[in-house]
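*Asks:* Take this structure first; my questions come after.
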2 protein chains.
Amino acid sequence: MSTPTGPRDRRRDDDGTLAVDVAVLGTGSGGKLVALELARAGRSVAVVEATRVGGDCPYVACVPSKSLLLSARRGLPWTAAAALRDEASAHRDDTAAAAELEREGVRLLRGFGRWAGPGRVVAGTVEVRAGVVVVATGSSPVRPPVDGLDDVPTWTSVDALSSAEPPARLVVLGGGAVGCELSEAFAGLGSEVVLVQRSAHLLSAEPAWVGDLVAESLRRKGVDVRTGAGAEAATRTPEGSVLRLDDGSVLPFDRLLLATGRAPNLPPGLDEITVDARCRVLAGGAPVPGLFAVGDVTGVSQYTHSANHQARTVVAEVLGRGRDADLSGVPRVVYTDPAVLCVGDTRRTDGVVRASFDVGEVARAHLVQGVAGPRGPAVRGRVELVADTATGVLVGAACVGPEADSWGAELTLAVRARLDVDLLAHHVRAFPTWSEAVQPALQALQDARA
Amino acid sequence: MSTPTGPRDRRRDDDGTLAVDVAVLGTGSGGKLVALELARAGRSVAVVEATRVGGDCPYVACVPSKSLLLSARRGLPWTAAAALRDEASAHRDDTAAAAELEREGVRLLRGFGRWAGPGRVVAGTVEVRAGVVVVATGSSPVRPPVDGLDDVPTWTSVDALSSAEPPARLVVLGGGAVGCELSEAFAGLGSEVVLVQRSAHLLSAEPAWVGDLVAESLRRKGVDVRTGAGAEAATRTPEGSVLRLDDGSVLPFDRLLLATGRAPNLPPGLDEITVDARCRVLAGGAPVPGLFAVGDVTGVSQYTHSANHQARTVVAEVLGRGRDADLSGVPRVVYTDPAVLCVGDTRRTDGVVRASFDVGEVARAHLVQGVAGPRGPAVRGRVELVADTATGVLVGAACVGPEADSWGAELTLAVRARLDVDLLAHHVRAFPTWSEAVQPALQALQDARA
């Protein structure tokens, strides 16, 4: 039995075992960051990757999704948009990412990784012994319990984001971030899109008005948005495929995109993963020695930037400068037009005061609207702030509007730093920026608390 | 002698005197805010306005400037751009703003106001007696000491922003915010523009690289940027007007725009105005009883949003909830493309660590650039952070880049709230937003302090 060898196999012996300081299962954003940073700090590191080095984000998730959205906004035809998407996604080729790891001396093992007990990981035919094991195996789309799915042409988001052709008629199942973004992108690139969401509102983890504003904008772009409608069964008929909803309606489609959520990819040997604030995996409430997890597999926060923060937490912990992860200020962004940025507890109702303001009322909106002309797109947006009544601390914010993914960053910092409404209201925002929408909402919060 | 009367002249008598709680000289953004808020709080208020109710900003400054910039970016022809500018500026007609004041019961006196000693203001033929006097008379462009200016066709920014026709050849004197914005706007709308700046860099109050990035972008848009070049003399010749620079070059022009700065409009009776943190006017170091000043006339910070903050400070003081103004987090924005946002002490060199990052390196930039194609405009930008070495507190930030006026807001809040680099670096920014450019700069600052 042999495995590939190389000059950097510093601690490999001949019987298919490898001894390293750190083994990382999965090389998505978080896993890759852990591997690179610990290698740079002098640790010997092996990574195990079953698919592409770099994970989904650069190849079949965030990056191609944003590329298609930008192309659609520029009015490009599908062929051009797909070519640019593939360019942005490195044609789904991980050679460069693999080379980056190897340049830093990280040993790359292709295959599925298995947890074989403390300090032991098995990757294919190689047994890796490591003082520290980091699980960063990501998540996969959940297949919703709808009858007949196996008989009709379905897509996951990965398929949608690597497809050569757009469907003429696309039904999107699920109105979360992925469903909203892909509905906008495909509608803009020529597909007839129906977006089906079981909850009463899109983006159901946020306040209702957020999803309603997004629904309104998707409808203006031609998307047929059906909220409060569950999928019951998919059927292939002689005339094509159809999806029946629980309101009795029947939607014909050429492709059904399943965007109803993602579940952790648990590596064999681990039945569940729960982490503490240091990203240590817990068993019976206590940390398993030397076992960490970061990213989607932890179920904490399914964002590339959250995975990176957890990864930095693990790096610090391993290097003896440990501190707790703090995801209280993590932005939840949807890159639709208008964009959405939410942070903190946007739906808390007890012990809080809330106030909101229409982004369309700020000077910047009047300027943009004026230059766009009466037939130009209306500036739509709103910011809602939630503060703890007792302390005055900002605990949540929901922003929808042009550039909300940019100006909302002020509010994510405010939540993270536990700043109070008094200080925030006493701060100065520039005229005429989008940020001015925040000021009247803060003023109203202060008045509500006075 | 008579003055106009109305039902709201609550305390007027027949000999041309008016007794009110509050008299405000000037109704620009700050003065108008003071008047409206105090009237709403039940105070009797008179305002004195020599020009337009609302000041320069909505009619002949910020608003028309941003409107022209947006039109130029959309590629509109001059006629359309000028029409939209006039629409955005209410055709320089202050009827609506005057009505807004009167609706709140504010007495509007047209004419120049004069300070006639504590509690006494004279406006034309009316003597106003008021417990509180607020000076908000703004500023005016300074005419630079250049020989021959009176013989050639010059513009102030007010003229430029209300002109019916664009000049074929425009020379802009002064590379501050106004000079940069108007150079970009007029170049985009068809003028041949030369921008002359005596300092070595545009926007000379900020770090050199900020002005250099703006100069580069202006040059790409066709502006001939001449830095380190002073104007010596303007001459009208039989062939037209020319400006001679101290480097010997001679610039022919049809219009010379003077954008070399603004000086306070001191009302007669006041030789200088210095304010304390409560916006009380000081004489010999002590507050003059009942006399306040806000806005450009105070010389503190020439921004609409700073004037508004000072105005809120005066309102709070008059209503007995006084607190100091805090302009430490005031954004200094230039609405060029790329936009500029600076805050705090961006040029401090002693006792600080600095770090910067290229905005062109973030994922968002690669995405935008990818979709724009190889012949599309390059994404250019940078963020530089300055932290106090001893405390780690962020004391300044300079941001240039797409949407910098939006994402820079996070850093203005950080400076205002005196947050330290450790907390800021431990905060999470969303992938793939422009805000991600901030993270590596923070990381570098932390490494520099470690």
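Quick note on naming: the chains in the structure tokens go A, B, ... in the order shown, residues restart at 1 in each chain, and ligands are numbered from 1 in order of appearance.
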Any idea what's packed within 8 Å of region 373-380 of chain B, counting only C-alpha atoms, ignoring anything in its chain fewer than 4 positions away? Could you give it as JSON, numbers by chain?

*Replies:* {"B": [213, 338, 358, 359, 360, 365, 368, 369, 400, 401, 402]}

*Asks:* For chain A versus chain B, which residues have an atom no more than 7 Å away, and what is each residue's nearest atom pair and distance in Å rounded to one decimal, using only C-alpha atoms, chain-then-number order, as a tab-separated table?

*Replies:*
residue	atom	partner	partner_atom	distance
A:Ser67	CA	B:Leu367	CA	6.0
A:Leu70	CA	B:Val371	CA	6.7
A:Ser71	CA	B:Val371	CA	6.1
A:Leu84	CA	B:Val371	CA	6.1
A:Ala88	CA	B:Gly370	CA	6.5
A:Thr304	CA	B:Phe431	CA	6.4
A:His305	CA	B:Phe431	CA	5.6
A:His309	CA	B:Val428	CA	6.7
A:Gly329	CA	B:Val428	CA	6.5
A:Val330	CA	B:Val428	CA	5.6
A:Pro331	CA	B:Ala430	CA	5.8
A:Leu367	CA	B:Ser67	CA	6.0
A:Gly370	CA	B:Ala88	CA	6.4
A:Val371	CA	B:Ser71	CA	6.1
A:Asp405	CA	B:Thr433	CA	6.6
A:Ser406	CA	B:Trp407	CA	4.4
A:Trp407	CA	B:Ser406	CA	4.4
A:Ala409	CA	B:Glu410	CA	5.6
A:Glu410	CA	B:Glu410	CA	3.9
A:Leu413	CA	B:Glu410	CA	6.7
A:Arg416	CA	B:His427	CA	6.8
A:His427	CA	B:Gly329	CA	6.7
A:Val428	CA	B:Val330	CA	5.6
A:Arg429	CA	B:His305	CA	6.6
A:Ala430	CA	B:His305	CA	5.7
A:Phe431	CA	B:His305	CA	5.7
A:Thr433	CA	B:Asp405	CA	6.6
A:Trp434	CA	B:Ser406	CA	6.6
A:Ser435	CA	B:Ser406	CA	6.5

*Asks:* Can you spit out the residues from that selection as a compact mmCIF listing (two decimals), in the first residue's frame, using C-alpha atoms?

*Replies:*
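Saved the output as result-v1.txt:
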# COMPACT_ATOMS: atom_id res chain seq x y z
CA SER A 67 -21.30 37.11 -10.13
CA LEU A 70 -24.01 41.49 -10.93
CA SER A 71 -24.27 40.28 -14.53
CA LEU A 84 -18.05 35.47 -16.29
CA ALA A 88 -14.97 34.18 -11.20
CA THR A 304 -18.24 32.17 5.19
CA HIS A 305 -17.36 35.09 7.48
CA HIS A 309 -14.13 33.95 12.71
CA GLY A 329 -22.26 41.07 15.49
CA VAL A 330 -22.28 38.69 12.54
CA PRO A 331 -23.97 40.31 9.53
CA LEU A 367 -31.12 62.63 -5.30
CA GLY A 370 -34.41 62.55 -9.12
CA VAL A 371 -31.64 61.57 -11.50
CA ASP A 405 -24.61 45.62 2.87
CA SER A 406 -22.17 48.54 3.15
CA TRP A 407 -23.83 51.07 5.46
CA ALA A 409 -21.76 47.59 8.84
CA GLU A 410 -22.02 50.48 11.29
CA LEU A 413 -20.31 47.01 14.97
CA ARG A 416 -20.98 43.72 18.64
CA HIS A 427 -22.95 60.31 16.61
CA VAL A 428 -22.88 62.21 13.32
CA ARG A 429 -23.71 60.67 9.93
CA ALA A 430 -22.73 62.35 6.69
CA PHE A 431 -25.10 64.32 4.49
CA THR A 433 -25.30 59.35 2.61
CA TRP A 434 -27.56 56.34 2.96
CA SER A 435 -26.38 56.14 6.58

*Asks:* For a test of reading the model, state the distance in Å between CA of Leu258 (chain B) and CA of Thr27 (chain B), rounded to one decimal.

*Replies:*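 Result for CA of Leu258 (chain B) versus CA of Thr27 (chain B): 24.6 Å, one decimal.
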
*Asks:* Can you pull out every residue within 10 Å of Arg120 (chain A), counting only C-alpha atoms, but drop anything in the same chain fewer than 5 positions away, and send it as a ChimeraX atom specification?

*Replies:* /A:18-19,23,114-115,127-133

*Asks:* Can you measure CA of Arg198 (chain A) to CA of Thr227 (chain A) for me? One decimal in Å is fine.

*Replies:* 6.0 Å

*Asks:* Could you pull out all residues of region 30-190 of chain A with a DSSP call of strand (DSSP E or B) and give them as a VMD selection string?

*Replies:* chain A and resid 45 to 49 107 to 110 113 to 115 120 to 123 126 to 135 139 to 141 147 154 to 155 169 to 173

*Asks:* For Pro153 (chain B), work out the shell of residues within 9 Å, counting only C-alpha atoms and skipping chain neighbours fewer than 6 positions away, then give it as a PyMOL selection string.

*Replies:* chain B and resi 236+241+253-257

*Asks:* Do a neighbour search on Phe112 (chain A) at 7 Å with only C-alpha atoms, toss out local chain neighbours closer than 2 positions, and write the hits as a ChimeraX atom specification.

*Replies:* /A:48-50,114,123-124

*Asks:* Here is a test: counting only C-alpha atoms, which residue of A:Ala311, A:Val225, A:Val242, A:Val383 is nearest to Pro440 (chain A)?

*Replies:* A:Val383

*Asks:* Got a sec to tell me which of region 181-364 of chain B DSSP assigns to alpha helix (DSSP H), as an MDAnalysis selection string?

*Replies:* chainID B and resid 181:188 208:220 304:318 363:364

*Asks:* Can I get the selected residues back with N, CA and C atoms, as a CSV table (one decimal), in the first residue's frame?

*Replies:*
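File result-v3.csv, as written:
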chain,number,residue,atom,x,y,z
B,181,GLU,N,-15.1,67.5,-6.6
B,181,GLU,CA,-16.5,67.1,-7.1
B,181,GLU,C,-16.9,67.8,-8.4
B,182,LEU,N,-16.6,69.2,-8.4
B,182,LEU,CA,-17.1,69.9,-9.6
B,182,LEU,C,-16.2,69.6,-10.8
B,183,SER,N,-14.9,69.3,-10.6
B,183,SER,CA,-14.1,68.8,-11.7
B,183,SER,C,-14.7,67.6,-12.3
B,184,GLU,N,-15.0,66.6,-11.5
B,184,GLU,CA,-15.5,65.3,-12.0
B,184,GLU,C,-16.9,65.6,-12.7
B,185,ALA,N,-17.7,66.4,-12.1
B,185,ALA,CA,-19.1,66.6,-12.6
B,185,ALA,C,-19.0,67.3,-14.0
B,186,PHE,N,-18.2,68.4,-14.1
B,186,PHE,CA,-18.2,69.1,-15.4
B,186,PHE,C,-17.4,68.4,-16.4
B,187,ALA,N,-16.4,67.6,-16.1
B,187,ALA,CA,-15.7,66.8,-17.1
B,187,ALA,C,-16.7,65.7,-17.6
B,188,GLY,N,-17.4,65.2,-16.7
B,188,GLY,CA,-18.4,64.1,-17.1
B,188,GLY,C,-19.5,64.7,-18.0
B,208,ALA,N,-1.5,61.9,1.9
B,208,ALA,CA,-1.2,62.2,0.4
B,208,ALA,C,-1.9,61.2,-0.5
B,209,TRP,N,-1.9,59.9,-0.1
B,209,TRP,CA,-2.4,58.9,-1.0
B,209,TRP,C,-3.9,59.0,-1.3
B,210,VAL,N,-4.6,59.7,-0.4
B,210,VAL,CA,-6.0,59.9,-0.7
B,210,VAL,C,-6.2,60.8,-1.9
B,211,GLY,N,-5.5,62.0,-1.8
B,211,GLY,CA,-5.6,62.9,-2.9
B,211,GLY,C,-5.0,62.3,-4.2
B,212,ASP,N,-4.0,61.5,-4.1
B,212,ASP,CA,-3.4,60.9,-5.3
B,212,ASP,C,-4.4,59.9,-5.9
B,213,LEU,N,-5.1,59.1,-5.2
B,213,LEU,CA,-6.1,58.2,-5.7
B,213,LEU,C,-7.2,59.0,-6.5
B,214,VAL,N,-7.6,60.1,-5.8
B,214,VAL,CA,-8.7,60.9,-6.5
B,214,VAL,C,-8.1,61.6,-7.7
B,215,ALA,N,-6.9,62.0,-7.7
B,215,ALA,CA,-6.3,62.6,-8.9
B,215,ALA,C,-6.2,61.6,-10.0
B,216,GLU,N,-5.8,60.4,-9.7
B,216,GLU,CA,-5.7,59.3,-10.7
B,216,GLU,C,-7.1,59.1,-11.3
B,217,SER,N,-8.1,59.1,-10.5
B,217,SER,CA,-9.5,58.8,-11.0
B,217,SER,C,-10.0,60.0,-11.8
B,218,LEU,N,-9.7,61.2,-11.4
B,218,LEU,CA,-10.1,62.4,-12.2
B,218,LEU,C,-9.3,62.3,-13.6
B,219,ARG,N,-8.1,62.0,-13.6
B,219,ARG,CA,-7.3,61.9,-14.8
B,219,ARG,C,-8.0,60.9,-15.8
B,220,ARG,N,-8.3,59.8,-15.2
B,220,ARG,CA,-9.0,58.7,-16.1
B,220,ARG,C,-10.3,59.3,-16.7
B,304,THR,N,-22.7,70.1,6.5
B,304,THR,CA,-24.1,70.2,6.8
B,304,THR,C,-24.4,69.3,8.1
B,305,HIS,N,-23.8,68.2,8.1
B,305,HIS,CA,-24.1,67.3,9.2
B,305,HIS,C,-23.5,67.7,10.5
B,306,SER,N,-22.3,68.5,10.4
B,306,SER,CA,-21.8,69.1,11.6
B,306,SER,C,-22.6,70.2,12.1
B,307,ALA,N,-23.1,71.0,11.2
B,307,ALA,CA,-24.0,72.1,11.6
B,307,ALA,C,-25.3,71.5,12.3
B,308,ASN,N,-25.8,70.4,11.8
B,308,ASN,CA,-27.0,69.8,12.4
B,308,ASN,C,-26.6,69.3,13.8
B,309,HIS,N,-25.5,68.7,14.0
B,309,HIS,CA,-25.1,68.3,15.3
B,309,HIS,C,-25.0,69.4,16.3
B,310,GLN,N,-24.3,70.5,15.8
B,310,GLN,CA,-24.2,71.7,16.7
B,310,GLN,C,-25.6,72.2,17.0
B,311,ALA,N,-26.5,72.2,16.0
B,311,ALA,CA,-27.8,72.7,16.2
B,311,ALA,C,-28.5,71.9,17.3
B,312,ARG,N,-28.4,70.6,17.2
B,312,ARG,CA,-29.0,69.7,18.2
B,312,ARG,C,-28.4,70.0,19.6
B,313,THR,N,-27.1,70.4,19.6
B,313,THR,CA,-26.5,70.7,20.9
B,313,THR,C,-27.1,72.0,21.5
B,314,VAL,N,-27.4,73.0,20.6
B,314,VAL,CA,-28.0,74.2,21.1
B,314,VAL,C,-29.4,74.0,21.6
B,315,VAL,N,-30.2,73.2,20.8
B,315,VAL,CA,-31.5,72.9,21.2
B,315,VAL,C,-31.5,72.2,22.6
B,316,ALA,N,-30.7,71.2,22.8
B,316,ALA,CA,-30.6,70.5,24.1
B,316,ALA,C,-30.2,71.5,25.2
B,317,GLU,N,-29.3,72.4,24.9
B,317,GLU,CA,-28.8,73.3,25.9
B,317,GLU,C,-30.0,74.3,26.3
B,318,VAL,N,-30.7,74.8,25.3
B,318,VAL,CA,-31.8,75.7,25.6
B,318,VAL,C,-32.9,75.0,26.4
B,363,ALA,N,-12.7,40.3,-2.1
B,363,ALA,CA,-13.5,39.4,-3.0
B,363,ALA,C,-14.5,40.3,-3.8
B,364,ARG,N,-15.1,41.2,-3.2
B,364,ARG,CA,-16.1,42.0,-3.9
B,364,ARG,C,-15.5,42.7,-5.1

*Asks:* Please list as a VMD selection string every residue within 9 Å of region 386-396 of chain A, counting only C-alpha atoms and excluding residues in the same chain fewer than 5 positions away.

*Replies:* chain A and resid 328 to 329 342 to 356 411 to 412 414 to 416 418 to 422 424 445 to 446 449

*Asks:* Got time to write the residues from that selection, C-alpha atoms, as an mmCIF file, in the first residue's frame?

*Replies:*
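For reference, part-v3.cif as written:
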data_model
loop_
_atom_site.group_PDB
_atom_site.id
_atom_site.type_symbol
_atom_site.label_atom_id
_atom_site.label_comp_id
_atom_site.auth_asym_id
_atom_site.auth_seq_id
_atom_site.Cartn_x
_atom_site.Cartn_y
_atom_site.Cartn_z
ATOM 1 C CA SER A 328 -23.098 38.585 18.234
ATOM 2 C CA GLY A 329 -22.256 41.072 15.487
ATOM 3 C CA CYS A 342 -29.486 42.042 9.483
ATOM 4 C CA VAL A 343 -27.626 41.619 12.734
ATOM 5 C CA GLY A 344 -28.427 40.509 16.245
ATOM 6 C CA ASP A 345 -31.862 39.821 17.544
ATOM 7 C CA THR A 346 -34.136 41.477 15.011
ATOM 8 C CA ARG A 347 -37.295 39.707 16.174
ATOM 9 C CA ARG A 348 -37.091 40.052 19.946
ATOM 10 C CA THR A 349 -40.266 41.547 21.320
ATOM 11 C CA ASP A 350 -40.006 41.547 25.099
ATOM 12 C CA GLY A 351 -38.055 44.146 26.998
ATOM 13 C CA VAL A 352 -37.155 46.076 23.872
ATOM 14 C CA VAL A 353 -38.057 49.279 22.099
ATOM 15 C CA ARG A 354 -38.072 49.342 18.292
ATOM 16 C CA ALA A 355 -38.090 52.125 15.759
ATOM 17 C CA SER A 356 -37.720 52.277 12.029
ATOM 18 C CA LEU A 411 -24.890 48.720 13.020
ATOM 19 C CA THR A 412 -23.186 45.332 13.164
ATOM 20 C CA ALA A 414 -22.727 48.763 17.312
ATOM 21 C CA VAL A 415 -24.355 45.444 18.254
ATOM 22 C CA ARG A 416 -20.982 43.715 18.635
ATOM 23 C CA ARG A 418 -22.805 46.687 22.879
ATOM 24 C CA LEU A 419 -23.131 50.426 22.221
ATOM 25 C CA ASP A 420 -26.157 52.195 23.568
ATOM 26 C CA VAL A 421 -28.703 54.264 21.750
ATOM 27 C CA ASP A 422 -27.630 57.415 23.531
ATOM 28 C CA LEU A 424 -25.332 56.143 18.720
ATOM 29 C CA LEU A 445 -35.643 55.002 19.985
ATOM 30 C CA GLN A 446 -34.346 57.647 22.327
ATOM 31 C CA ARG A 449 -36.998 55.420 26.095
#

*Asks:* What does the structure give for the distance between CA of Val122 (chain B) and CA of Val22 (chain B), in Å to one decimal?

*Replies:*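 If I compute the distance from CA of Val122 (chain B) to CA of Val22 (chain B), I get 13.3 Å.
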
*Asks:* Skip Asp93 (chain A) itself and residues of its chain fewer than 6 positions away, then list as a list of chain:residue names all residues within 9 Å of it, counting only C-alpha atoms.

*Replies:*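 Result of the neighbour search: A:Arg52, A:Val53, A:Tyr59.
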